[in-house]
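Working notes, beginning with the structure itself.
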Amino acid sequence: LSYEPPRGTFNSATNFSRYLDRFGEEMKSFSYHRYPVSHCGGENTTIGALLADASIGGQLEKLAPFIEATTKRSIEFWIGEGNSASCGGMPGVSDTFAAPLWAVDFLATLSKGGVSGMNFHGGPGGSYPPIAFDNGELQTRPLWYGMLAFSELAANHSRWLESTASSSGMPSGGDPSCARGVSDGGIFCGSRNFCRLSRNECSMLLKRAEKTTPA
């Protein structure tokens with residue numbers, strides 16, 4: 001092909017659009033690597049950093065221009081490789097049960113944002129594989145449980161349903177109840193992430209069970 005490829009990286013939405021303009025008709029999907037935190041070069045991270053907004057919703061914000069560009073061209077957008085922390089994961093973070101909590105929230109956020117799927121990077125070493133061999137015995141690691149939980153959530157062609165509850169009486173992002181959780185009408189709606197996603201409304205993405213009074 002006599003074609004001068006776009007120079008730069010796909011971190012530039014402009015370069016990405018030029019690439020899709022040239023090759024988009026031949027593409028069924030496009031994949032992007034994503035790790036919210038890093039352990040590369042001896043860099044350290046924490047459970048708090050992994051579970052922070054920047055590692056969940058903040059990642060979707062960075063990907064949004066690329067998702068929009070592929071969606072407009074009917075191309076699936078995938079996280080072709082990713083996990084909690086790059087370079088094999090962070091010991092004490094990626095191999096704890098913080099990892100599945102992050103994974104469920106991260107996958108749900110990506111799904112709602114238009115991402116078609118994600119491939120988790122693993123391998124024989126490192127701290128983040130969902131499954132690994134130990135002395136010849138196959139073991140499940142913490143991340144596996146987060147992947148299992150989300151697979152159950154997404155099974156049987158399930159889909160997201162938007163439902164917004166009244167903000168009256170609901171906790172705001174700065175309300176202490178966001179840290180401890182509250183129950184309203186039989187629906188648990190007080191996790192930090194729900195408060196973050198709702199921006200002062202407890203906006204549920206699962207259909208809310210309405211209270212009814214027997215006739």
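Going through the structure tokens in order, the chains are called A, B, and so on, while each chain numbers its residues from 1 and the ligands are numbered from 1 in the order shown.
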>> Can you pull out the residues contacting Tyr145 in chain A? Cut-off 12 Å, using only C-alpha atoms, and skip same-chain residues under 3 positions away; I want them as a PyMOL selection string.
In response: chain A and resi 95-104+129-131+139-142+148-152
> Could you name the residues that touch range 74-76 of chain A at 10 Å or less, counting only C-alpha atoms, but leaving out those on the same chain fewer than 3 positions away, as a ChimeraX atom specification?
Replying inline: /A:20,24-31,67-71,114-117
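By chain and then residue number, the residues within 6 Å of Gly80 in chain A are Ser31, Tyr32, His33, Met118 and Asn119 of chain A, counting only C-alpha atoms and disregarding those fewer than 3 positions away in sequence.
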For Thr109 in chain A, list every protein, DNA or RNA residue within 10 Å, evaluated using only C-alpha atoms, and leave out those in the same chain fewer than 3 positions away; present the list as a PDB file with all heavy atoms, in the first residue's frame.
```
ATOM      1  N   ILE A  56     -11.123   3.862  37.735  1.00  0.00           N
ATOM      2  CA  ILE A  56     -12.375   3.257  37.261  1.00  0.00           C
ATOM      3  C   ILE A  56     -13.047   4.216  36.273  1.00  0.00           C
ATOM      4  O   ILE A  56     -12.823   4.140  35.074  1.00  0.00           O
ATOM      5  CB  ILE A  56     -13.287   2.896  38.455  1.00  0.00           C
ATOM      6  CG1 ILE A  56     -12.538   1.965  39.423  1.00  0.00           C
ATOM      7  CG2 ILE A  56     -14.572   2.227  37.980  1.00  0.00           C
ATOM      8  CD1 ILE A  56     -13.215   1.721  40.741  1.00  0.00           C
ATOM      9  N   GLY A  57     -13.841   5.142  36.766  1.00  0.00           N
ATOM     10  CA  GLY A  57     -14.486   6.095  35.871  1.00  0.00           C
ATOM     11  C   GLY A  57     -13.494   6.958  35.116  1.00  0.00           C
ATOM     12  O   GLY A  57     -13.735   7.330  33.967  1.00  0.00           O
ATOM     13  N   GLY A  58     -12.377   7.269  35.760  1.00  0.00           N
ATOM     14  CA  GLY A  58     -11.366   8.088  35.100  1.00  0.00           C
ATOM     15  C   GLY A  58     -10.768   7.413  33.885  1.00  0.00           C
ATOM     16  O   GLY A  58     -10.384   8.082  32.910  1.00  0.00           O
ATOM     17  N   GLN A  59     -10.688   6.089  33.919  1.00  0.00           N
ATOM     18  CA  GLN A  59     -10.169   5.348  32.763  1.00  0.00           C
ATOM     19  C   GLN A  59     -11.131   5.425  31.580  1.00  0.00           C
ATOM     20  O   GLN A  59     -10.722   5.548  30.431  1.00  0.00           O
ATOM     21  CB  GLN A  59      -9.919   3.887  33.152  1.00  0.00           C
ATOM     22  CG  GLN A  59      -8.904   3.707  34.257  1.00  0.00           C
ATOM     23  CD  GLN A  59      -7.548   4.251  33.881  1.00  0.00           C
ATOM     24  OE1 GLN A  59      -6.941   3.828  32.897  1.00  0.00           O
ATOM     25  NE2 GLN A  59      -7.052   5.207  34.656  1.00  0.00           N
ATOM     26  N   LEU A  60     -12.425   5.353  31.885  1.00  0.00           N
ATOM     27  CA  LEU A  60     -13.421   5.457  30.816  1.00  0.00           C
ATOM     28  C   LEU A  60     -13.378   6.840  30.178  1.00  0.00           C
ATOM     29  O   LEU A  60     -13.528   6.975  28.962  1.00  0.00           O
ATOM     30  CB  LEU A  60     -14.818   5.169  31.366  1.00  0.00           C
ATOM     31  CG  LEU A  60     -15.966   5.255  30.350  1.00  0.00           C
ATOM     32  CD1 LEU A  60     -15.772   4.232  29.238  1.00  0.00           C
ATOM     33  CD2 LEU A  60     -17.306   5.042  31.044  1.00  0.00           C
ATOM     34  N   ALA A 103     -12.321  -5.008  39.709  1.00  0.00           N
ATOM     35  CA  ALA A 103     -12.671  -5.600  38.413  1.00  0.00           C
ATOM     36  C   ALA A 103     -14.160  -5.491  38.127  1.00  0.00           C
ATOM     37  O   ALA A 103     -14.561  -5.139  37.006  1.00  0.00           O
ATOM     38  CB  ALA A 103     -12.230  -7.063  38.365  1.00  0.00           C
ATOM     39  N   VAL A 104     -14.998  -5.792  39.105  1.00  0.00           N
ATOM     40  CA  VAL A 104     -16.443  -5.726  38.894  1.00  0.00           C
ATOM     41  C   VAL A 104     -16.856  -4.290  38.560  1.00  0.00           C
ATOM     42  O   VAL A 104     -17.632  -4.048  37.623  1.00  0.00           O
ATOM     43  CB  VAL A 104     -17.203  -6.243  40.127  1.00  0.00           C
ATOM     44  CG1 VAL A 104     -18.691  -5.946  40.009  1.00  0.00           C
ATOM     45  CG2 VAL A 104     -16.989  -7.738  40.300  1.00  0.00           C
ATOM     46  N   ASP A 105     -16.341  -3.331  39.313  1.00  0.00           N
ATOM     47  CA  ASP A 105     -16.689  -1.934  39.067  1.00  0.00           C
ATOM     48  C   ASP A 105     -16.137  -1.466  37.721  1.00  0.00           C
ATOM     49  O   ASP A 105     -16.811  -0.782  36.946  1.00  0.00           O
ATOM     50  CB  ASP A 105     -16.131  -1.074  40.198  1.00  0.00           C
ATOM     51  CG  ASP A 105     -16.838   0.267  40.327  1.00  0.00           C
ATOM     52  OD1 ASP A 105     -17.686   0.589  39.476  1.00  0.00           O
ATOM     53  OD2 ASP A 105     -16.540   1.007  41.285  1.00  0.00           O
ATOM     54  N   PHE A 106     -14.906  -1.847  37.427  1.00  0.00           N
ATOM     55  CA  PHE A 106     -14.253  -1.429  36.190  1.00  0.00           C
ATOM     56  C   PHE A 106     -14.971  -2.000  34.975  1.00  0.00           C
ATOM     57  O   PHE A 106     -15.266  -1.280  34.011  1.00  0.00           O
ATOM     58  CB  PHE A 106     -12.798  -1.895  36.221  1.00  0.00           C
ATOM     59  CG  PHE A 106     -11.950  -1.392  35.093  1.00  0.00           C
ATOM     60  CD1 PHE A 106     -11.796  -0.029  34.865  1.00  0.00           C
ATOM     61  CD2 PHE A 106     -11.271  -2.278  34.267  1.00  0.00           C
ATOM     62  CE1 PHE A 106     -10.992   0.439  33.835  1.00  0.00           C
ATOM     63  CE2 PHE A 106     -10.464  -1.820  33.236  1.00  0.00           C
ATOM     64  CZ  PHE A 106     -10.323  -0.463  33.022  1.00  0.00           C
ATOM     65  N   LYS A 112     -20.960  -0.031  30.438  1.00  0.00           N
ATOM     66  CA  LYS A 112     -21.913   1.062  30.312  1.00  0.00           C
ATOM     67  C   LYS A 112     -21.408   2.134  29.356  1.00  0.00           C
ATOM     68  O   LYS A 112     -22.206   2.845  28.738  1.00  0.00           O
ATOM     69  CB  LYS A 112     -22.200   1.671  31.687  1.00  0.00           C
ATOM     70  CG  LYS A 112     -23.049   0.775  32.579  1.00  0.00           C
ATOM     71  CD  LYS A 112     -23.251   1.369  33.962  1.00  0.00           C
ATOM     72  CE  LYS A 112     -22.040   1.177  34.833  1.00  0.00           C
ATOM     73  NZ  LYS A 112     -22.287   1.576  36.239  1.00  0.00           N
ATOM     74  N   GLY A 113     -20.084   2.232  29.239  1.00  0.00           N
ATOM     75  CA  GLY A 113     -19.503   3.253  28.380  1.00  0.00           C
ATOM     76  C   GLY A 113     -19.338   2.836  26.938  1.00  0.00           C
ATOM     77  O   GLY A 113     -18.851   3.625  26.128  1.00  0.00           O
ATOM     78  N   GLY A 114     -19.715   1.595  26.589  1.00  0.00           N
ATOM     79  CA  GLY A 114     -19.671   1.170  25.200  1.00  0.00           C
ATOM     80  C   GLY A 114     -18.554   0.224  24.827  1.00  0.00           C
ATOM     81  O   GLY A 114     -18.390  -0.105  23.648  1.00  0.00           O
ATOM     82  N   VAL A 115     -17.773  -0.251  25.805  1.00  0.00           N
ATOM     83  CA  VAL A 115     -16.711  -1.216  25.523  1.00  0.00           C
ATOM     84  C   VAL A 115     -17.325  -2.605  25.374  1.00  0.00           C
ATOM     85  O   VAL A 115     -18.155  -3.018  26.189  1.00  0.00           O
ATOM     86  CB  VAL A 115     -15.655  -1.218  26.651  1.00  0.00           C
ATOM     87  CG1 VAL A 115     -14.598  -2.285  26.416  1.00  0.00           C
ATOM     88  CG2 VAL A 115     -15.008   0.164  26.746  1.00  0.00           C
ATOM     89  N   LEU A 197     -20.884   7.862  40.860  1.00  0.00           N
ATOM     90  CA  LEU A 197     -21.494   7.772  39.544  1.00  0.00           C
ATOM     91  C   LEU A 197     -22.743   8.636  39.443  1.00  0.00           C
ATOM     92  O   LEU A 197     -23.046   9.177  38.399  1.00  0.00           O
ATOM     93  CB  LEU A 197     -21.847   6.318  39.237  1.00  0.00           C
ATOM     94  CG  LEU A 197     -20.656   5.384  39.011  1.00  0.00           C
ATOM     95  CD1 LEU A 197     -21.135   3.951  38.915  1.00  0.00           C
ATOM     96  CD2 LEU A 197     -19.918   5.772  37.746  1.00  0.00           C
TER      97      LEU A 197
END
```
>> According to DSSP computed on the backbone, where in range 31-183 of chain A is there strand (DSSP E)? Give the residues as an MDAnalysis selection string.
In response: chainID A and resid 31:34 37:38 76:82 85:86 117:120 131:134 137:140 163:164 183
> Out of range 123-160 of chain A, which residues get helix (DSSP H, G or I) from DSSP, as a PyMOL selection string?
Replying inline: chain A and resi 142-154
